[in-house]
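This is query08.tsv (TSV, C-alpha atoms).
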chain	number	residue	atom	x	y	z
A	180	ASP	CA	29.17	-13.34	20.39
A	181	ILE	CA	26.33	-10.90	20.93
A	182	GLN	CA	22.88	-12.41	20.39
A	183	LEU	CA	19.91	-10.30	19.33
A	184	THR	CA	16.41	-11.46	20.23
A	185	GLN	CA	13.51	-9.86	18.45
A	186	SER	CA	9.94	-9.94	19.64
A	187	PRO	CA	7.43	-10.71	18.50
A	188	SER	CA	8.58	-12.91	15.64
A	189	PHE	CA	5.25	-12.37	13.95
A	190	LEU	CA	2.55	-9.77	14.30
A	191	SER	CA	-0.74	-9.14	12.60
A	192	ALA	CA	-1.86	-5.52	12.36
A	193	SER	CA	-4.20	-3.24	10.46
A	194	VAL	CA	-3.51	-0.17	8.37
A	195	GLY	CA	-3.28	2.80	10.71
A	196	ASP	CA	-2.14	0.77	13.72
A	197	ARG	CA	0.82	1.74	15.85
A	198	VAL	CA	3.33	-1.10	15.78
A	199	THR	CA	6.31	-1.70	18.05
A	200	VAL	CA	9.06	-4.28	17.57
A	201	THR	CA	11.59	-5.00	20.31
A	202	CYS	CA	15.20	-6.10	19.96
A	203	ARG	CA	17.16	-7.25	23.01
A	204	ALA	CA	20.92	-7.70	23.00
A	205	SER	CA	22.67	-10.32	25.12
A	206	GLN	CA	25.10	-7.67	26.30
A	207	GLY	CA	25.36	-3.90	26.11
A	208	ILE	CA	25.93	-2.48	22.64
A	209	SER	CA	25.57	1.23	23.38
A	210	SER	CA	23.64	2.63	20.39
A	211	TYR	CA	25.30	0.46	17.77
A	212	LEU	CA	22.08	-0.92	16.34
A	213	SER	CA	20.43	-0.67	12.94
A	214	TRP	CA	17.00	-1.65	11.67
A	215	TYR	CA	16.25	-3.02	8.21
A	216	GLN	CA	13.04	-3.72	6.29
A	217	GLN	CA	12.87	-6.59	3.84
A	218	LYS	CA	10.10	-7.42	1.40
A	219	PRO	CA	9.81	-10.84	-0.27
A	220	GLY	CA	12.37	-11.40	-2.98
A	221	LYS	CA	14.08	-8.08	-2.32
A	222	ALA	CA	17.25	-6.95	-0.60
A	223	PRO	CA	16.97	-5.42	2.87
A	224	LYS	CA	16.55	-1.68	3.14
A	225	LEU	CA	18.17	0.44	5.87
A	226	LEU	CA	15.60	2.26	8.00
A	227	ILE	CA	17.42	3.41	11.13
A	228	TYR	CA	21.02	3.44	12.35
A	229	THR	CA	22.72	4.24	15.64
A	230	ALA	CA	19.47	3.16	17.26
A	231	SER	CA	17.46	6.28	16.48
A	232	THR	CA	18.79	8.06	13.38
A	233	LEU	CA	16.38	7.89	10.46
A	234	GLN	CA	18.04	7.02	7.16
A	235	SER	CA	17.55	9.62	4.45
A	236	GLY	CA	14.35	9.08	2.49
A	237	VAL	CA	12.69	6.88	5.10
A	238	PRO	CA	9.22	8.11	6.14
A	239	SER	CA	8.99	9.82	9.52
A	240	ARG	CA	6.39	7.32	10.74
A	241	PHE	CA	9.37	5.04	11.44
A	242	SER	CA	11.32	5.72	14.63
A	243	GLY	CA	13.85	3.92	16.76
A	244	SER	CA	14.84	4.20	20.38
A	245	GLY	CA	16.90	2.51	23.05
A	246	SER	CA	20.47	1.95	24.10
A	247	GLY	CA	22.43	-0.66	25.96
A	248	THR	CA	20.48	-3.89	25.64
A	249	GLU	CA	16.92	-2.92	24.74
A	250	PHE	CA	15.78	-1.26	21.55
A	251	THR	CA	12.49	-0.60	19.81
A	252	LEU	CA	11.35	0.11	16.29
A	253	THR	CA	8.02	1.91	16.10
A	254	ILE	CA	5.79	2.51	13.11
A	255	SER	CA	3.38	5.23	14.20
A	256	SER	CA	0.67	4.52	11.62
A	257	LEU	CA	1.09	1.35	9.59
A	258	GLN	CA	0.74	1.80	5.84
A	259	PRO	CA	0.06	-0.89	3.22
A	260	GLU	CA	3.66	-0.70	1.97
A	261	ASP	CA	5.00	-1.41	5.49
A	262	PHE	CA	3.94	-5.04	5.50
A	263	ALA	CA	7.33	-6.73	5.48
A	264	THR	CA	9.90	-8.40	7.71
A	265	TYR	CA	12.02	-6.23	10.00
A	266	TYR	CA	15.49	-7.07	11.29
A	267	CYS	CA	17.70	-5.46	13.88
A	268	GLN	CA	21.48	-5.72	13.58
A	269	HIS	CA	24.24	-4.77	15.97
A	270	VAL	CA	27.55	-3.30	14.82
A	271	ASN	CA	29.17	-3.09	18.25
A	272	SER	CA	31.78	-5.78	17.72
A	273	TYR	CA	32.62	-8.74	15.51
A	274	PRO	CA	30.87	-10.86	14.53
A	275	LEU	CA	28.05	-8.58	13.49
A	276	THR	CA	24.73	-10.33	14.02
A	277	PHE	CA	21.11	-9.88	13.03
A	278	GLY	CA	18.02	-10.55	15.05
A	279	GLY	CA	15.73	-13.34	13.92
A	280	GLY	CA	13.26	-10.99	12.26
A	281	THR	CA	9.71	-9.80	12.84
A	282	LYS	CA	7.18	-10.43	10.11
A	283	VAL	CA	4.41	-7.82	9.99
A	284	GLU	CA	1.32	-9.08	8.21
A	285	ILE	CA	-2.07	-7.62	7.37
A	286	LYS	CA	-4.84	-8.35	9.89
B	500	GLU	CA	23.07	6.20	-9.05
B	501	VAL	CA	24.61	3.68	-6.70
B	502	GLN	CA	24.46	0.11	-7.99
B	503	LEU	CA	25.78	-3.18	-6.66
B	504	VAL	CA	25.43	-6.20	-8.93
B	505	GLU	CA	26.30	-9.68	-7.72
B	506	SER	CA	27.12	-12.57	-10.03
B	507	GLY	CA	28.62	-16.04	-9.91
B	508	GLY	CA	25.94	-17.95	-8.05
B	509	GLY	CA	24.78	-21.38	-9.10
B	510	LEU	CA	24.62	-25.05	-8.21
B	511	VAL	CA	27.69	-26.67	-6.70
B	512	GLN	CA	28.31	-30.01	-5.04
B	513	PRO	CA	29.22	-30.31	-1.36
B	514	GLY	CA	32.96	-29.83	-0.96
B	515	GLY	CA	33.14	-27.71	-4.08
B	516	SER	CA	34.14	-24.10	-4.62
B	517	LEU	CA	32.52	-21.02	-6.06
B	518	ARG	CA	33.56	-17.41	-6.48
B	519	LEU	CA	31.01	-14.64	-6.23
B	520	SER	CA	31.58	-11.15	-7.61
B	521	CYS	CA	29.96	-7.84	-6.80
B	522	GLU	CA	30.52	-5.03	-9.26
B	523	VAL	CA	29.69	-1.56	-8.01
B	524	SER	CA	29.14	1.84	-9.57
B	525	GLY	CA	27.98	5.28	-8.56
B	526	PHE	CA	30.35	5.84	-5.66
B	527	THR	CA	34.05	5.77	-4.82
B	528	PHE	CA	34.42	2.07	-4.13
B	529	SER	CA	37.94	2.32	-2.73
B	530	ASP	CA	36.77	4.54	0.14
B	531	HIS	CA	34.31	2.07	1.57
B	532	TYR	CA	34.20	-1.05	3.69
B	533	MET	CA	32.21	-3.78	1.96
B	534	ASP	CA	30.33	-6.72	3.44
B	535	TRP	CA	28.70	-9.96	2.42
B	536	VAL	CA	25.40	-11.04	3.99
B	537	ARG	CA	23.51	-14.23	3.20
B	538	GLN	CA	20.00	-15.53	3.63
B	539	ALA	CA	19.11	-19.21	3.54
B	540	PRO	CA	15.77	-20.01	1.90
B	541	GLY	CA	12.94	-18.93	4.20
B	542	LYS	CA	15.36	-17.87	6.93
B	543	GLY	CA	16.77	-14.67	8.37
B	544	LEU	CA	19.82	-12.63	7.52
B	545	GLU	CA	23.33	-13.81	8.42
B	546	TRP	CA	26.41	-11.62	8.24
B	547	VAL	CA	29.23	-13.41	6.40
B	548	GLY	CA	32.14	-11.02	6.52
B	549	ARG	CA	33.72	-7.65	5.83
B	550	ILE	CA	36.68	-6.18	4.01
B	551	ARG	CA	37.93	-2.76	5.00
B	552	ASN	CA	39.16	-0.06	2.66
B	553	LYS	CA	42.73	0.54	1.51
B	554	VAL	CA	43.36	3.05	4.30
B	555	ASN	CA	42.71	0.18	6.67
B	556	SER	CA	44.88	-2.22	4.69
B	557	HIS	CA	42.00	-4.25	3.25
B	558	THR	CA	41.81	-6.24	6.46
B	559	THR	CA	38.97	-8.73	6.84
B	560	GLU	CA	36.55	-10.11	9.41
B	561	TYR	CA	34.48	-13.29	9.13
B	562	ALA	CA	31.62	-15.07	10.81
B	563	ALA	CA	32.69	-18.20	12.63
B	564	SER	CA	30.53	-20.34	10.32
B	565	VAL	CA	32.66	-19.45	7.28
B	566	LYS	CA	36.07	-18.60	8.73
B	567	GLY	CA	38.80	-20.67	7.11
B	568	ARG	CA	36.58	-21.62	4.17
B	569	PHE	CA	35.54	-18.26	2.70
B	570	THR	CA	37.83	-15.42	1.63
B	571	ILE	CA	36.75	-11.87	0.87
B	572	SER	CA	38.87	-9.79	-1.48
B	573	ARG	CA	38.50	-6.71	-3.59
B	574	ASP	CA	40.00	-5.05	-6.65
B	575	ASP	CA	39.59	-1.31	-6.28
B	576	SER	CA	40.79	-0.75	-9.87
B	577	LYS	CA	37.82	-2.80	-11.09
B	578	ASN	CA	35.29	-1.55	-8.53
B	579	SER	CA	34.74	-5.15	-7.61
B	580	LEU	CA	34.29	-7.22	-4.48
B	581	TYR	CA	34.73	-10.98	-4.34
B	582	LEU	CA	33.76	-13.90	-2.14
B	583	GLN	CA	35.76	-17.07	-2.67
B	584	MET	CA	33.88	-19.98	-1.13
B	585	ASN	CA	35.67	-23.29	-0.62
B	586	CYS	CA	34.69	-26.57	1.05
B	587	LEU	CA	31.06	-25.69	0.55
B	588	LYS	CA	28.43	-27.35	2.71
B	589	THR	CA	24.72	-27.81	2.16
B	590	GLU	CA	24.10	-25.25	4.91
B	591	ASP	CA	25.85	-22.61	2.79
B	592	THR	CA	22.85	-22.66	0.44
B	593	ALA	CA	21.55	-19.10	0.45
B	594	VAL	CA	21.09	-15.89	-1.43
B	595	TYR	CA	24.31	-13.91	-1.04
B	596	TYR	CA	24.14	-10.13	-0.91
B	597	CYS	CA	26.97	-7.64	-1.09
B	598	ALA	CA	26.42	-4.44	0.84
B	599	ARG	CA	28.18	-1.13	1.21
B	600	ALA	CA	29.10	-0.32	4.79
B	601	LEU	CA	28.80	3.38	5.53
B	602	ILE	CA	30.67	4.76	8.51
B	603	ASP	CA	28.91	7.35	10.62
B	604	ARG	CA	31.58	10.00	11.15
B	605	ILE	CA	30.22	11.06	14.53
B	606	THR	CA	29.83	7.68	16.23
B	607	GLY	CA	32.09	5.47	14.13
B	608	SER	CA	29.16	3.12	13.73
B	609	THR	CA	28.63	1.35	10.43
B	610	MET	CA	25.45	0.54	8.60
B	611	PHE	CA	24.58	-1.12	5.29
B	612	ASP	CA	23.09	1.66	3.20
B	613	TYR	CA	23.20	0.00	-0.24
B	614	TRP	CA	22.67	-3.64	-1.14
B	615	GLY	CA	22.88	-5.69	-4.30
B	616	GLN	CA	19.97	-7.78	-5.56
B	617	GLY	CA	21.58	-11.01	-4.40
B	618	THR	CA	22.82	-14.15	-6.10
B	619	LEU	CA	21.63	-17.65	-5.21
B	620	VAL	CA	24.13	-20.33	-4.26
B	621	THR	CA	22.79	-23.87	-4.01
B	622	VAL	CA	25.00	-26.56	-2.52
B	623	SER	CA	23.58	-29.96	-3.31
B	624	SER	CA	24.58	-33.31	-4.72

Show how you would write the structure in this file as structure tokens.
Amino acid sequence: DIQLTQSPSFLSASVGDRVTVTCRASQGISSYLSWYQQKPGKAPKLLIYTASTLQSGVPSRFSGSGSGTEFTLTISSLQPEDFATYYCQHVNSYPLTFGGGTKVEIK
Amino acid sequence: EVQLVESGGGLVQPGGSLRLSCEVSGFTFSDHYMDWVRQAPGKGLEWVGRIRNKVNSHTTEYAASVKGRFTISRDDSKNSLYLQMNCLKTEDTAVYYCARALIDRITGSTMFDYWGQGTLVTVSS
């Protein structure tokens, strides 16, 4: 099975900060990676798919990059509504797996 | 408007069974793969399994943790997805989400573009 390791697992940042979350795969997954945002008590929301394609309706301050085994999610200027937990997920092969999550909190 | 509404969660004893439903509207259900994802209290997301569309013979895939105990099915005439859970364990306690899997026509990649609100399953004696 492919394991996804996210780092950091927790980060504290201020409004306006540039934030980067990393997701590393235990083996190459090409660009078959998605990113999701989840707020407490809510279902996850798709942000990015195929590593770098922004889902319709998602603000352009979110971006994704990477291929193979290393991927990043970047928020160019953190907004109050962005404080949430972020998950990567690979769809390269079965079983599909999620990373452990990165919780972004207000500094 | 696309909607996915789960139901059927509740309290069940270890070793028991439960059937979850996910009723969808706002899109052509029969065209899409559908997945179940769960989240234990205070924990991360865990993919449970997938059922493909009719074109792909409604074939299924499962996570190792539920294979042989859980069965995913669908009724395209009722726009409904199901998760039959047998031999439940305390570690199956979680919020269960159904999600629509969208296939990117260029890459063949899939992503979960719509999710239900989730239904809580508690396995406890």

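Residues in contact with Val283 of chain A at up to 9 Å, not including ones fewer than 4 positions away on its chain and judged by only C-alpha atoms, are Ser188, Phe189, Leu190, Ser191, Ala192, Val198, Asp261, Phe262, Ala263, Thr264 and Tyr265 of chain A.
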
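In this structure, atom CA of Ala562 of chain B sits 16.9 Å away from atom CA of Thr589 of chain B.
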
- Take the point (23.9, -10.6, 16.6) as written in the file and pick out every residue within 7 Å of it, counting only C-alpha atoms; give the list as a PyMOL selection string. chain A and resi 181-183+268-269+275-278

Would you output that residue set with C-alpha atoms, as a JSON list (two decimals), keeping the file's coordinate frame?
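So out-v2.json came out as:
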[["chain", "number", "residue", "atom", "x", "y", "z"],
["A", 181, "ILE", "CA", 26.33, -10.90, 20.93],
["A", 182, "GLN", "CA", 22.88, -12.41, 20.39],
["A", 183, "LEU", "CA", 19.91, -10.30, 19.33],
["A", 268, "GLN", "CA", 21.48, -5.72, 13.58],
["A", 269, "HIS", "CA", 24.24, -4.77, 15.97],
["A", 275, "LEU", "CA", 28.05, -8.58, 13.49],
["A", 276, "THR", "CA", 24.73, -10.33, 14.02],
["A", 277, "PHE", "CA", 21.11, -9.88, 13.03],
["A", 278, "GLY", "CA", 18.02, -10.55, 15.05]]

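Proximity of A:Ser186, A:Thr201, A:Ser209, A:Ser244 to chain B, computed with all atoms listed in the file, is greatest for A:Ser209.
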
Can you tell me, as a ChimeraX atom specification, what residues are no more than 9 Å from Phe528 of chain B when counting all atoms listed in the file, ignoring any on the same chain fewer than 6 positions away? /B:552,575,578-579,599

Dump as a PDB file, in the coordinates of the input, selection limited to C-alpha atoms:
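Result went into again07.pdb, see below:
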ATOM      1  CA  ASN B 552      39.160  -0.060   2.660  1.00  0.00           C
ATOM      2  CA  ASP B 575      39.590  -1.310  -6.280  1.00  0.00           C
ATOM      3  CA  ASN B 578      35.290  -1.550  -8.530  1.00  0.00           C
ATOM      4  CA  SER B 579      34.740  -5.150  -7.610  1.00  0.00           C
ATOM      5  CA  ARG B 599      28.180  -1.130   1.210  1.00  0.00           C
TER       6      ARG B 599
END

Practice item. Do me a favour and pick out the residues of chain A within 7 Å of chain B, using all atoms listed in the file, as a PyMOL selection string. Key: chain A and resi 211+213+221-222+225+228-229+270+274-277+279-280

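For the pair atom CA of Leu510 of chain B and atom CA of Phe569 of chain B, the separation is 16.9 Å.
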
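Atom CA of Ser246 of chain A lies 18.0 Å from atom CA of Asp180 of chain A.
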
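Residues in contact with Gln502 of chain B at 7 Å, where only C-alpha atoms are counted and same-chain residues fewer than 3 positions away are skipped, are listed as Val523, Ser524 and Gly525 of chain B.
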
The residue from A:Thr248, A:Thr281, A:Ser239, A:Gln234 with the smallest atom-to-atom distance to Gln185 of chain A, counting all atoms listed in the file, is A:Thr281

Would you compute an axis-aligned box for segment 235-246 of chain A, covering every atom listed for it in the file with 6 Å of margin on each side, and report centre and edge lengths in Å to one decimal as lines of an AutoDock Vina configuration file?
center_x = 13.4
center_y = 5.9
center_z = 13.3
size_x = 26.1
size_y = 19.9
size_z = 33.6

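Closest approach to Thr621 of chain B among B:Leu519, B:Val536, B:Val511, B:Ala600 is made by B:Val511 (distances from all atoms listed in the file).
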
### Query
Skipping near chain neighbours, those fewer than 6 positions away, what residues fall within 12 Å of Gln512 of chain B using all atoms listed in the file, listed as a PyMOL selection string?
chain B and resi 585-592+620-624

Counting only C-alpha atoms, the residue among B:Val565, B:Met584, B:Leu601, B:Ile571 that lies closest to Gly508 of chain B is B:Met584

Got a minute to add N, CA and C atoms to segment 181-214 of chain A and dump it as a PDB file, in the frame of the given file?
ATOM      1  N   ILE A 181      27.526 -11.578  20.454  1.00  0.00           N
ATOM      2  CA  ILE A 181      26.330 -10.900  20.930  1.00  0.00           C
ATOM      3  C   ILE A 181      25.114 -11.459  20.201  1.00  0.00           C
ATOM      4  N   GLN A 182      24.123 -11.890  20.961  1.00  0.00           N
ATOM      5  CA  GLN A 182      22.880 -12.410  20.390  1.00  0.00           C
ATOM      6  C   GLN A 182      21.824 -11.314  20.449  1.00  0.00           C
ATOM      7  N   LEU A 183      21.025 -11.234  19.387  1.00  0.00           N
ATOM      8  CA  LEU A 183      19.910 -10.300  19.330  1.00  0.00           C
ATOM      9  C   LEU A 183      18.609 -11.082  19.268  1.00  0.00           C
ATOM     10  N   THR A 184      17.699 -10.777  20.183  1.00  0.00           N
ATOM     11  CA  THR A 184      16.410 -11.460  20.230  1.00  0.00           C
ATOM     12  C   THR A 184      15.311 -10.472  19.930  1.00  0.00           C
ATOM     13  N   GLN A 185      14.607 -10.715  18.834  1.00  0.00           N
ATOM     14  CA  GLN A 185      13.510  -9.860  18.450  1.00  0.00           C
ATOM     15  C   GLN A 185      12.188 -10.427  18.929  1.00  0.00           C
ATOM     16  N   SER A 186      11.283  -9.512  19.298  1.00  0.00           N
ATOM     17  CA  SER A 186       9.940  -9.940  19.640  1.00  0.00           C
ATOM     18  C   SER A 186       8.924  -8.878  19.228  1.00  0.00           C
ATOM     19  N   PRO A 187       7.727  -9.306  18.772  1.00  0.00           N
ATOM     20  CA  PRO A 187       7.430 -10.710  18.500  1.00  0.00           C
ATOM     21  C   PRO A 187       8.097 -11.168  17.205  1.00  0.00           C
ATOM     22  N   SER A 188       8.040 -12.424  16.906  1.00  0.00           N
ATOM     23  CA  SER A 188       8.580 -12.910  15.640  1.00  0.00           C
ATOM     24  C   SER A 188       7.576 -12.728  14.517  1.00  0.00           C
ATOM     25  N   PHE A 189       6.322 -12.574  14.910  1.00  0.00           N
ATOM     26  CA  PHE A 189       5.250 -12.370  13.950  1.00  0.00           C
ATOM     27  C   PHE A 189       4.195 -11.481  14.581  1.00  0.00           C
ATOM     28  N   LEU A 190       3.679 -10.543  13.807  1.00  0.00           N
ATOM     29  CA  LEU A 190       2.550  -9.770  14.300  1.00  0.00           C
ATOM     30  C   LEU A 190       1.595  -9.456  13.173  1.00  0.00           C
ATOM     31  N   SER A 191       0.327  -9.429  13.538  1.00  0.00           N
ATOM     32  CA  SER A 191      -0.740  -9.140  12.600  1.00  0.00           C
ATOM     33  C   SER A 191      -1.338  -7.790  12.983  1.00  0.00           C
ATOM     34  N   ALA A 192      -1.394  -6.855  12.052  1.00  0.00           N
ATOM     35  CA  ALA A 192      -1.860  -5.520  12.360  1.00  0.00           C
ATOM     36  C   ALA A 192      -2.649  -4.947  11.191  1.00  0.00           C
ATOM     37  N   SER A 193      -3.378  -3.896  11.479  1.00  0.00           N
ATOM     38  CA  SER A 193      -4.200  -3.240  10.460  1.00  0.00           C
ATOM     39  C   SER A 193      -3.583  -1.918  10.038  1.00  0.00           C
ATOM     40  N   VAL A 194      -3.957  -1.475   8.843  1.00  0.00           N
ATOM     41  CA  VAL A 194      -3.510  -0.170   8.370  1.00  0.00           C
ATOM     42  C   VAL A 194      -3.940   0.884   9.386  1.00  0.00           C
ATOM     43  N   GLY A 195      -3.010   1.751   9.731  1.00  0.00           N
ATOM     44  CA  GLY A 195      -3.280   2.800  10.710  1.00  0.00           C
ATOM     45  C   GLY A 195      -2.860   2.449  12.123  1.00  0.00           C
ATOM     46  N   ASP A 196      -2.567   1.189  12.380  1.00  0.00           N
ATOM     47  CA  ASP A 196      -2.140   0.770  13.720  1.00  0.00           C
ATOM     48  C   ASP A 196      -0.757   1.308  14.050  1.00  0.00           C
ATOM     49  N   ARG A 197      -0.519   1.459  15.347  1.00  0.00           N
ATOM     50  CA  ARG A 197       0.820   1.740  15.850  1.00  0.00           C
ATOM     51  C   ARG A 197       1.465   0.408  16.172  1.00  0.00           C
ATOM     52  N   VAL A 198       2.657   0.206  15.640  1.00  0.00           N
ATOM     53  CA  VAL A 198       3.330  -1.100  15.780  1.00  0.00           C
ATOM     54  C   VAL A 198       4.692  -0.888  16.430  1.00  0.00           C
ATOM     55  N   THR A 199       5.004  -1.763  17.381  1.00  0.00           N
ATOM     56  CA  THR A 199       6.310  -1.700  18.050  1.00  0.00           C
ATOM     57  C   THR A 199       6.978  -3.067  18.008  1.00  0.00           C
ATOM     58  N   VAL A 200       8.232  -3.069  17.602  1.00  0.00           N
ATOM     59  CA  VAL A 200       9.060  -4.280  17.570  1.00  0.00           C
ATOM     60  C   VAL A 200      10.224  -4.065  18.540  1.00  0.00           C
ATOM     61  N   THR A 201      10.521  -5.088  19.311  1.00  0.00           N
ATOM     62  CA  THR A 201      11.590  -5.000  20.310  1.00  0.00           C
ATOM     63  C   THR A 201      12.768  -5.863  19.911  1.00  0.00           C
ATOM     64  N   CYS A 202      13.952  -5.367  20.215  1.00  0.00           N
ATOM     65  CA  CYS A 202      15.200  -6.100  19.960  1.00  0.00           C
ATOM     66  C   CYS A 202      16.027  -6.035  21.233  1.00  0.00           C
ATOM     67  N   ARG A 203      16.361  -7.187  21.782  1.00  0.00           N
ATOM     68  CA  ARG A 203      17.160  -7.250  23.010  1.00  0.00           C
ATOM     69  C   ARG A 203      18.519  -7.877  22.724  1.00  0.00           C
ATOM     70  N   ALA A 204      19.556  -7.218  23.198  1.00  0.00           N
ATOM     71  CA  ALA A 204      20.920  -7.700  23.000  1.00  0.00           C
ATOM     72  C   ALA A 204      21.385  -8.466  24.238  1.00  0.00           C
ATOM     73  N   SER A 205      22.198  -9.479  24.010  1.00  0.00           N
ATOM     74  CA  SER A 205      22.670 -10.320  25.120  1.00  0.00           C
ATOM     75  C   SER A 205      23.693  -9.611  25.994  1.00  0.00           C
ATOM     76  N   GLN A 206      24.240  -8.528  25.484  1.00  0.00           N
ATOM     77  CA  GLN A 206      25.100  -7.670  26.300  1.00  0.00           C
ATOM     78  C   GLN A 206      25.016  -6.252  25.745  1.00  0.00           C
ATOM     79  N   GLY A 207      25.504  -5.285  26.504  1.00  0.00           N
ATOM     80  CA  GLY A 207      25.360  -3.900  26.110  1.00  0.00           C
ATOM     81  C   GLY A 207      26.064  -3.572  24.801  1.00  0.00           C
ATOM     82  N   ILE A 208      25.370  -2.852  23.935  1.00  0.00           N
ATOM     83  CA  ILE A 208      25.930  -2.480  22.640  1.00  0.00           C
ATOM     84  C   ILE A 208      25.823  -0.969  22.412  1.00  0.00           C
ATOM     85  N   SER A 209      25.704  -0.217  23.503  1.00  0.00           N
ATOM     86  CA  SER A 209      25.570   1.230  23.380  1.00  0.00           C
ATOM     87  C   SER A 209      24.412   1.543  22.420  1.00  0.00           C
ATOM     88  N   SER A 210      24.679   2.329  21.395  1.00  0.00           N
ATOM     89  CA  SER A 210      23.640   2.630  20.390  1.00  0.00           C
ATOM     90  C   SER A 210      23.973   2.045  19.033  1.00  0.00           C
ATOM     91  N   TYR A 211      24.827   1.017  19.027  1.00  0.00           N
ATOM     92  CA  TYR A 211      25.300   0.460  17.770  1.00  0.00           C
ATOM     93  C   TYR A 211      24.307  -0.559  17.204  1.00  0.00           C
ATOM     94  N   LEU A 212      23.140  -0.056  16.846  1.00  0.00           N
ATOM     95  CA  LEU A 212      22.080  -0.920  16.340  1.00  0.00           C
ATOM     96  C   LEU A 212      21.405  -0.274  15.141  1.00  0.00           C
ATOM     97  N   SER A 213      21.144  -1.113  14.144  1.00  0.00           N
ATOM     98  CA  SER A 213      20.430  -0.670  12.940  1.00  0.00           C
ATOM     99  C   SER A 213      19.165  -1.505  12.766  1.00  0.00           C
ATOM    100  N   TRP A 214      18.227  -0.930  12.023  1.00  0.00           N
ATOM    101  CA  TRP A 214      17.000  -1.650  11.670  1.00  0.00           C
ATOM    102  C   TRP A 214      16.872  -1.672  10.148  1.00  0.00           C
TER     103      TRP A 214
END
